[in-house]
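For reference, coords.cif (mmCIF, C-alpha atoms and all ligand atoms):
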data_data
loop_
_atom_site.label_atom_id
_atom_site.label_comp_id
_atom_site.auth_asym_id
_atom_site.auth_seq_id
_atom_site.Cartn_x
_atom_site.Cartn_y
_atom_site.Cartn_z
CA MET A 24 -16.59 11.61 -13.37
CA LYS A 25 -19.74 10.03 -14.77
CA LEU A 26 -17.63 6.93 -15.49
CA GLY A 27 -16.48 6.96 -11.88
CA TYR A 28 -20.00 6.93 -10.56
CA ALA A 29 -20.70 3.91 -12.78
CA ILE A 30 -17.61 2.21 -11.31
CA LEU A 31 -18.75 3.06 -7.78
CA GLY A 32 -22.16 1.55 -8.59
CA ILE A 33 -20.58 -1.72 -9.76
CA PHE A 34 -18.29 -1.67 -6.74
CA LEU A 35 -21.14 -1.31 -4.25
CA THR A 36 -23.25 -3.94 -6.06
CA GLY A 37 -20.37 -6.40 -5.90
CA LEU A 38 -19.91 -5.75 -2.21
CA VAL A 39 -23.56 -6.44 -1.49
CA ALA A 40 -23.29 -9.65 -3.53
CA GLY A 41 -20.41 -10.71 -1.28
CA CYS A 42 -17.95 -11.57 -4.09
CA GLU A 43 -14.99 -13.73 -3.24
CA ARG A 44 -11.49 -12.39 -3.45
CA GLY A 45 -10.00 -12.88 -6.90
CA SER A 46 -6.44 -11.63 -6.81
CA THR A 47 -3.14 -12.57 -5.31
CA GLU A 48 -3.42 -9.78 -2.75
CA SER A 49 -2.75 -11.06 0.74
CA THR A 50 -5.77 -11.04 3.06
CA ALA A 51 -3.72 -10.45 6.19
CA PRO A 52 -1.80 -7.23 6.50
CA ASP A 53 1.77 -8.04 5.63
CA VAL A 54 3.75 -6.07 8.15
CA ALA A 55 6.98 -7.92 7.44
CA GLY A 56 9.65 -5.77 5.96
CA HIS A 57 8.23 -2.43 7.07
CA ASP A 58 10.49 0.14 8.63
CA PRO A 59 11.01 -0.91 12.29
CA ALA A 60 10.99 2.79 13.18
CA HIS A 61 7.30 2.77 12.27
CA PRO A 62 5.67 -0.13 14.08
CA PRO A 63 2.71 -1.77 12.37
CA ILE A 64 -0.67 -0.28 13.02
CA ASP A 65 -3.39 -2.70 14.16
CA CYS A 66 -5.48 -3.96 11.26
CA PRO A 67 -8.62 -1.77 11.24
CA LEU A 68 -10.73 -4.53 9.68
CA ALA A 69 -9.80 -7.12 12.31
CA LYS A 70 -10.52 -4.49 14.98
CA ALA A 71 -13.99 -3.98 13.49
CA GLY A 72 -14.62 -7.74 13.31
CA VAL A 73 -14.55 -7.92 9.49
CA ASP A 74 -13.35 -11.16 7.89
CA ALA A 75 -11.23 -9.85 5.00
CA SER A 76 -11.36 -13.23 3.22
CA HIS A 77 -14.98 -12.49 2.23
CA LEU A 78 -14.26 -9.19 0.54
CA ARG A 79 -14.79 -8.70 -3.16
CA PRO A 80 -12.25 -9.04 -6.01
CA PHE A 81 -9.55 -6.51 -5.44
CA GLU A 82 -9.16 -5.53 -9.10
CA ASP A 83 -12.66 -3.96 -9.14
CA VAL A 84 -11.71 -1.81 -6.19
CA GLU A 85 -8.46 -0.94 -7.93
CA LYS A 86 -10.52 0.58 -10.77
CA TYR A 87 -12.35 2.90 -8.40
CA ILE A 88 -9.13 3.79 -6.61
CA ALA A 89 -7.51 4.59 -9.97
CA PHE A 90 -10.50 6.78 -10.83
CA LEU A 91 -10.27 8.74 -7.58
CA GLU A 92 -6.50 9.11 -7.95
CA ARG A 93 -6.38 9.93 -11.67
CA ALA A 94 -3.80 12.60 -12.47
CA ASP A 95 -6.16 15.01 -14.26
CA ARG A 96 -8.37 15.28 -11.16
CA ALA A 97 -5.80 17.61 -9.64
CA VAL A 98 -6.50 20.24 -12.33
CA TRP A 99 -9.92 21.03 -10.86
CA GLN A 100 -9.75 19.35 -7.43
CA LYS A 101 -6.66 21.41 -6.52
CA PRO A 102 -5.73 19.19 -3.58
CA ASP A 103 -2.73 21.25 -2.47
CA GLU A 104 -4.74 24.49 -2.55
CA VAL A 105 -7.53 22.78 -0.59
CA VAL A 106 -5.11 21.57 2.10
CA ALA A 107 -3.53 25.05 2.25
CA ALA A 108 -6.99 26.60 2.63
CA LEU A 109 -7.49 24.62 5.86
CA LYS A 110 -4.73 26.72 7.48
CA LEU A 111 -3.51 23.84 9.64
CA GLN A 112 -0.94 24.44 12.36
CA GLY A 113 0.53 20.96 11.87
CA THR A 114 -0.46 19.64 15.29
CA GLU A 115 -4.15 18.90 14.71
CA THR A 116 -6.05 15.63 14.52
CA VAL A 117 -7.92 15.55 11.21
CA PHE A 118 -10.69 13.04 10.49
CA ASP A 119 -11.08 12.40 6.74
CA LEU A 120 -14.64 11.10 6.66
CA GLY A 121 -15.38 9.01 3.56
CA ALA A 122 -11.70 9.10 2.67
CA GLY A 123 -12.00 6.66 -0.26
CA SER A 124 -8.51 5.98 -1.61
CA GLY A 125 -7.02 8.65 0.66
CA TYR A 126 -6.69 11.26 -2.09
CA PHE A 127 -6.76 13.98 0.56
CA SER A 128 -5.70 11.92 3.60
CA PHE A 129 -2.13 11.34 2.45
CA ARG A 130 -1.72 15.02 1.56
CA LEU A 131 -3.19 16.00 4.93
CA ALA A 132 -0.68 13.71 6.66
CA ARG A 133 2.16 15.68 5.06
CA ALA A 134 0.69 18.91 6.47
CA LEU A 135 0.50 17.44 9.99
CA PRO A 136 4.08 16.59 11.05
CA SER A 137 3.09 16.80 14.73
CA GLY A 138 -0.56 15.87 14.31
CA LYS A 139 -2.39 12.95 12.72
CA VAL A 140 -4.96 11.95 10.13
CA ILE A 141 -7.59 9.29 10.56
CA ALA A 142 -8.83 8.15 7.15
CA ALA A 143 -12.26 6.60 7.65
CA ASP A 144 -14.57 4.89 5.19
CA THR A 145 -17.58 2.59 5.22
CA GLU A 146 -16.12 0.28 2.56
CA PRO A 147 -13.81 -2.40 3.97
CA GLU A 148 -11.91 -2.62 0.67
CA MET A 149 -11.08 1.09 0.84
CA VAL A 150 -9.96 0.73 4.44
CA ARG A 151 -7.76 -2.21 3.46
CA HIS A 152 -6.19 -0.15 0.67
CA LEU A 153 -5.61 2.78 3.05
CA HIS A 154 -4.14 0.55 5.74
CA HIS A 155 -1.71 -1.16 3.36
CA LYS A 156 -0.59 2.17 1.86
CA ILE A 157 -0.05 3.68 5.31
CA LEU A 158 2.11 0.69 6.27
CA GLY A 159 3.92 0.69 2.92
CA ASP A 160 4.69 4.41 3.17
CA GLY A 161 5.79 3.98 6.80
CA LEU A 162 3.50 6.76 8.02
CA SER A 163 3.35 7.11 11.77
CA ASN A 164 0.85 10.02 11.79
CA MET A 165 -1.95 8.32 9.89
CA GLU A 166 -4.36 5.46 10.50
CA ALA A 167 -7.32 3.92 8.70
CA ALA A 168 -10.68 3.24 10.31
CA LEU A 169 -13.77 1.33 9.24
CA ILE A 170 -16.99 3.16 10.10
CA GLN A 171 -20.68 2.38 9.69
CA PRO A 172 -22.90 4.26 7.18
CA GLY A 173 -25.13 5.56 9.96
CA ASP A 174 -22.37 6.61 12.34
CA PRO A 175 -19.58 8.97 11.27
CA GLY A 176 -17.58 7.80 14.29
CA ILE A 177 -15.79 11.10 14.92
CA PRO A 178 -13.07 10.66 17.56
CA GLU A 179 -13.40 13.01 20.50
CA ASP A 180 -10.01 14.60 19.87
CA ALA A 181 -10.70 15.52 16.22
CA ASP A 182 -9.98 19.20 15.54
CA LEU A 183 -11.19 19.09 11.95
CA VAL A 184 -13.58 16.81 10.08
CA PHE A 185 -12.95 16.78 6.33
CA VAL A 186 -15.80 15.57 4.09
CA CYS A 187 -15.23 15.70 0.33
CA ASP A 188 -17.83 14.33 -2.12
CA VAL A 189 -19.44 12.13 0.53
CA LEU A 190 -22.62 13.84 1.71
CA HIS A 191 -24.53 13.13 -1.50
CA HIS A 192 -23.96 9.40 -0.78
CA VAL A 193 -25.69 9.70 2.60
CA THR A 194 -29.42 8.98 2.59
CA ASP A 195 -30.68 10.32 5.94
CA ARG A 196 -28.58 13.49 6.01
CA PRO A 197 -30.23 15.28 8.96
CA THR A 198 -29.75 12.26 11.24
CA TRP A 199 -26.20 11.60 9.99
CA LEU A 200 -25.17 15.25 10.39
CA GLY A 201 -26.85 15.43 13.80
CA LYS A 202 -24.76 12.48 14.97
CA LEU A 203 -21.61 13.91 13.37
CA VAL A 204 -22.07 17.26 15.12
CA SER A 205 -22.88 15.62 18.46
CA GLU A 206 -19.58 13.69 18.21
CA MET A 207 -17.50 16.80 17.41
CA LYS A 208 -15.82 18.63 20.26
CA PRO A 209 -16.66 22.29 20.83
CA GLY A 210 -14.54 24.53 18.59
CA ALA A 211 -13.85 21.76 16.04
CA ARG A 212 -14.29 22.54 12.35
CA LEU A 213 -16.19 20.74 9.61
CA VAL A 214 -15.04 21.21 6.01
CA LEU A 215 -17.60 20.27 3.41
CA ILE A 216 -16.90 19.96 -0.31
CA GLU A 217 -19.73 19.04 -2.68
CA PHE A 218 -20.33 19.39 -6.41
CA LYS A 219 -22.10 22.50 -7.62
CA GLU A 220 -25.28 22.35 -9.65
CA GLY A 221 -25.25 22.64 -13.42
CA ASP A 222 -23.95 20.78 -16.40
CA LEU A 223 -20.32 20.35 -15.34
CA PRO A 224 -17.70 18.09 -16.94
CA GLU A 225 -17.19 16.42 -13.55
CA GLY A 226 -19.45 15.27 -10.76
CA PRO A 227 -22.37 13.01 -10.00
CA PRO A 228 -25.74 13.14 -11.76
CA GLU A 229 -27.69 16.35 -11.21
CA SER A 230 -30.40 14.41 -9.35
CA VAL A 231 -28.12 13.57 -6.40
CA LYS A 232 -26.45 16.97 -6.01
CA ILE A 233 -27.07 19.09 -2.92
CA THR A 234 -27.36 22.83 -3.48
CA ARG A 235 -25.22 25.27 -1.51
CA ALA A 236 -28.35 26.60 0.21
CA GLN A 237 -29.35 23.05 1.22
CA LEU A 238 -25.84 22.35 2.53
CA VAL A 239 -25.83 25.45 4.71
CA GLU A 240 -29.36 24.75 5.92
CA LEU A 241 -28.60 21.11 6.78
CA VAL A 242 -25.38 21.85 8.66
CA THR A 243 -26.58 24.93 10.55
CA ARG A 244 -29.72 23.04 11.59
CA ALA A 245 -27.43 20.34 12.95
CA GLY A 246 -25.78 22.97 15.16
CA LEU A 247 -22.70 24.35 13.38
CA ALA A 248 -22.00 27.92 12.29
CA LEU A 249 -20.71 28.76 8.80
CA THR A 250 -17.37 30.53 9.22
CA THR A 251 -15.73 30.48 5.78
CA GLU A 252 -16.74 30.06 2.18
CA ARG A 253 -14.14 30.02 -0.62
CA VAL A 254 -16.25 30.62 -3.68
CA GLU A 255 -13.25 31.03 -6.01
CA LEU A 256 -11.23 28.04 -4.77
CA LEU A 257 -12.75 25.19 -6.78
CA PRO A 258 -14.38 25.49 -10.20
CA TYR A 259 -16.88 22.65 -9.82
CA GLN A 260 -17.35 22.36 -6.07
CA THR A 261 -18.61 24.33 -3.10
CA PHE A 262 -16.06 24.72 -0.28
CA LEU A 263 -17.58 25.51 3.11
CA VAL A 264 -16.08 25.60 6.60
CA PHE A 265 -18.27 25.33 9.70
CA ARG A 266 -17.39 25.47 13.39
CA LYS A 267 -19.03 23.93 16.44
CA PRO A 268 -19.76 26.66 18.99
CA GLY A 269 -18.26 26.48 22.44
C1 LIG B 301 -16.72 9.92 -4.20
S1 LIG B 301 -15.85 9.06 -2.95
C2 LIG B 301 -14.88 10.39 -2.26
C3 LIG B 301 -13.61 9.89 -1.61
C4 LIG B 301 -12.68 10.98 -1.09
N1 LIG B 301 -13.32 11.79 -0.08
C5 LIG B 301 -12.15 11.84 -2.20
O1 LIG B 301 -12.46 13.04 -2.25
O2 LIG B 301 -11.39 11.30 -3.04
C6 LIG B 301 -17.08 8.80 -1.68
C7 LIG B 301 -16.62 7.92 -0.53
O3 LIG B 301 -17.59 8.03 0.51
C8 LIG B 301 -17.76 6.77 1.11
N2 LIG B 301 -19.07 6.76 1.79
C9 LIG B 301 -20.28 6.52 1.26
N3 LIG B 301 -21.24 6.62 2.22
C10 LIG B 301 -20.60 6.94 3.38
C11 LIG B 301 -21.03 7.16 4.72
N4 LIG B 301 -22.33 7.08 5.07
N5 LIG B 301 -20.11 7.46 5.66
C12 LIG B 301 -18.79 7.55 5.31
N6 LIG B 301 -18.33 7.32 4.05
C13 LIG B 301 -19.22 7.02 3.10
C14 LIG B 301 -17.62 5.79 -0.05
O4 LIG B 301 -17.27 4.49 0.39
C15 LIG B 301 -16.52 6.45 -0.88
O5 LIG B 301 -15.24 5.97 -0.52
#

Would you mind writing the file out in structure tokens?
Ligand SMILES: C[S@@+](CC[C@H](N)C(=O)[O-])C[C@H]1O[C@@H](n2cnc3c(N)ncnc32)[C@H](O)[C@@H]1O
Amino acid sequence: MKLGYAILGIFLTGLVAGCERGSTESTAPDVAGHDPAHPPIDCPLAKAGVDASHLRPFEDVEKYIAFLERADRAVWQKPDEVVAALKLQGTETVFDLGAGSGYFSFRLARALPSGKVIAADTEPEMVRHLHHKILGDGLSNMEAALIQPGDPGIPEDADLVFVCDVLHHVTDRPTWLGKLVSEMKPGARLVLIEFKEGDLPEGPPESVKITRAQLVELVTRAGLALTTERVELLPYQTFLVFRKPG
């Protein structure tokens, strides 16, 4: 995981530097050849006014995507157990906030045959990857969205907001969580997964971790109530479920 945080650092630096595209990847979403039963979804970058031709070399992003998707992550991340722990009915709208490569989003989509997943991220390259994979897989119950670092952009119909390994990237957490909670509808749930403290084989540097007590304090102050904690579910991460009263 330490390697992954180095890759993320390079990735973000490159984005700030405004690198030019360096691969043969098409800049425009290629909707030709997709299953006509699943009409193309509007390009989320064009919708957000982002000119994809100024994004950074795609191969750097591919490295971070490969890191997030690496096979041995499943041993401790337990994605299927995590999705099962959400106890979804299959009809909900789930907002995967800071979805990255869609490690959880695509699994969530399978658990929502009559619902949908919105996979949102602040990085245009991640959103492009998500969008292309959604189109390539012909998924009609999933879409990608580009959001801003200071605005989680929760849709008003979201039943569940899923946030895995994202909060430690956020600088002004009280303001960000306050906005997130204000955008959630009454009764909606927030699922928060963050790395535990201690010298673990996975996770970000100790200096950026948020303790369980801090997580609960931050989220309850923002207005949600802690409803579930699965201490035994994940070996390296805290798994907390909150609900918005009402
Ligand atoms: C460690 S990755 C986790 C990705 C995914 N949730 C997973 O578990 O595989 C963190 C992601 O959070 C995104 N991110 C960082 N700051 C964010 C913010 N303020 N709002 C939303 N996403 C953010 C990054 O672009 C990155 O894709």

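Nearest-residue note for His154 in chain A: choosing from A:Val73, A:Val204, A:Ala245, A:Cys66, the minimum distance belongs to A:Cys66, counting only C-alpha atoms.
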
Using only C-alpha atoms and all ligand atoms, which residues of chain A come within 10 Å of ligand LIG 301 (chain B), and what is the closest atom pair for each, with the distance in Å to one decimal? Give it as a Markdown table, sorted by chain and residue number.
| residue | atom | partner | partner_atom | distance |
| --- | --- | --- | --- | --- |
| A:Met24 | CA | B:LIG301 | C1 | 9.3 |
| A:Gly27 | CA | B:LIG301 | C1 | 8.2 |
| A:Tyr28 | CA | B:LIG301 | C1 | 7.8 |
| A:Leu31 | CA | B:LIG301 | C1 | 8.0 |
| A:Phe34 | CA | B:LIG301 | O4 | 9.5 |
| A:Leu35 | CA | B:LIG301 | O4 | 8.4 |
| A:Tyr87 | CA | B:LIG301 | O5 | 8.9 |
| A:Ile88 | CA | B:LIG301 | O2 | 8.6 |
| A:Phe90 | CA | B:LIG301 | O2 | 9.1 |
| A:Leu91 | CA | B:LIG301 | O2 | 5.3 |
| A:Glu92 | CA | B:LIG301 | O2 | 7.3 |
| A:Arg96 | CA | B:LIG301 | O2 | 9.5 |
| A:Gln100 | CA | B:LIG301 | O1 | 8.6 |
| A:Pro102 | CA | B:LIG301 | O1 | 9.2 |
| A:Asp119 | CA | B:LIG301 | N1 | 7.2 |
| A:Leu120 | CA | B:LIG301 | C12 | 5.6 |
| A:Gly121 | CA | B:LIG301 | N6 | 3.4 |
| A:Ala122 | CA | B:LIG301 | N1 | 4.2 |
| A:Gly123 | CA | B:LIG301 | O5 | 3.3 |
| A:Ser124 | CA | B:LIG301 | O2 | 6.2 |
| A:Gly125 | CA | B:LIG301 | O2 | 6.3 |
| A:Tyr126 | CA | B:LIG301 | O2 | 4.8 |
| A:Phe127 | CA | B:LIG301 | C5 | 6.4 |
| A:Ser128 | CA | B:LIG301 | C4 | 8.5 |
| A:Ala142 | CA | B:LIG301 | N1 | 9.3 |
| A:Ala143 | CA | B:LIG301 | C12 | 7.0 |
| A:Asp144 | CA | B:LIG301 | N6 | 4.6 |
| A:Thr145 | CA | B:LIG301 | N6 | 4.9 |
| A:Glu146 | CA | B:LIG301 | O4 | 4.9 |
| A:Pro147 | CA | B:LIG301 | O4 | 8.5 |
| A:Glu148 | CA | B:LIG301 | O4 | 8.9 |
| A:Met149 | CA | B:LIG301 | O5 | 6.6 |
| A:Val150 | CA | B:LIG301 | O5 | 8.9 |
| A:Leu169 | CA | B:LIG301 | C12 | 8.9 |
| A:Ile170 | CA | B:LIG301 | C12 | 6.7 |
| A:Gln171 | CA | B:LIG301 | N5 | 6.5 |
| A:Pro172 | CA | B:LIG301 | N4 | 3.6 |
| A:Gly173 | CA | B:LIG301 | N4 | 5.8 |
| A:Asp174 | CA | B:LIG301 | N5 | 7.1 |
| A:Pro175 | CA | B:LIG301 | N5 | 5.8 |
| A:Gly176 | CA | B:LIG301 | N5 | 9.0 |
| A:Phe185 | CA | B:LIG301 | N1 | 8.1 |
| A:Val186 | CA | B:LIG301 | N1 | 6.2 |
| A:Cys187 | CA | B:LIG301 | N1 | 4.4 |
| A:Asp188 | CA | B:LIG301 | C2 | 4.9 |
| A:Val189 | CA | B:LIG301 | O3 | 4.5 |
| A:Leu190 | CA | B:LIG301 | N3 | 7.4 |
| A:His191 | CA | B:LIG301 | N3 | 8.2 |
| A:His192 | CA | B:LIG301 | N3 | 4.9 |
| A:Val193 | CA | B:LIG301 | N4 | 4.9 |
| A:Thr194 | CA | B:LIG301 | N4 | 7.7 |
| A:Asp195 | CA | B:LIG301 | N4 | 9.0 |
| A:Arg196 | CA | B:LIG301 | N4 | 9.0 |
| A:Trp199 | CA | B:LIG301 | N4 | 7.7 |
| A:Ile216 | CA | B:LIG301 | O1 | 8.4 |
| A:Glu217 | CA | B:LIG301 | O1 | 9.4 |
| A:Gly226 | CA | B:LIG301 | C1 | 8.9 |
| A:Pro227 | CA | B:LIG301 | C1 | 8.7 |

*What separation in Å, quoted to one decimal, exists between CA of Ala108 in chain A and CA of Leu131 in chain A?*
11.5 Å

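For the residues A:Glu220, A:Glu115, A:Asp103, A:Glu166, ranking by smallest atom-to-atom distance to Lys232 in chain A using only C-alpha atoms places A:Glu220 first.
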
*Near-Gly138 in chain A list (12 Å; only C-alpha atoms; drop same-chain fewer than 4 positions) as a ChimeraX atom specification*: /A:111-118,131-134,162-166,180-183

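Checking A:Arg151, A:Val98, A:Val254, A:Pro136 one by one against Glu85 in chain A, counting all atoms listed in the file, you find the shortest gap at A:Arg151.
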
*asked:* Please compute the CA of Leu200 in chain A-CA of Val242 in chain A distance, one decimal, in Å.
replied: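 A separation of 6.8 Å between them.
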
*Nearest candidate to Val106 in chain A (options A:Leu203, A:Leu241, A:Leu135, A:Ala211; using only C-alpha atoms)*: A:Leu135

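Using all atoms listed in the file for every distance, the candidate list A:Glu240, A:Val84, A:Pro67, A:Glu104 yields A:Glu104 as the residue closest to Arg253 in chain A.
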
Size and centre in Å, one decimal, axis-aligned box, all listed range 233-239 of chain A atoms plus 5 Å per side, as lines of an AutoDock Vina configuration file:
center_x = -27.3
center_y = 22.8
center_z = 0.6
size_x = 14.1
size_y = 17.5
size_z = 18.2

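Residue nearest Lys267 in chain A, chosen from A:Arg212, A:Lys219, A:Lys110, A:His77 and counting all atoms listed in the file: A:Arg212.
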
*So what do you get for CA of Pro258 in chain A versus CA of Thr243 in chain A, distance-wise?*
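Atom-to-atom, CA of Pro258 in chain A to CA of Thr243 in chain A, that is 24.1 Å.
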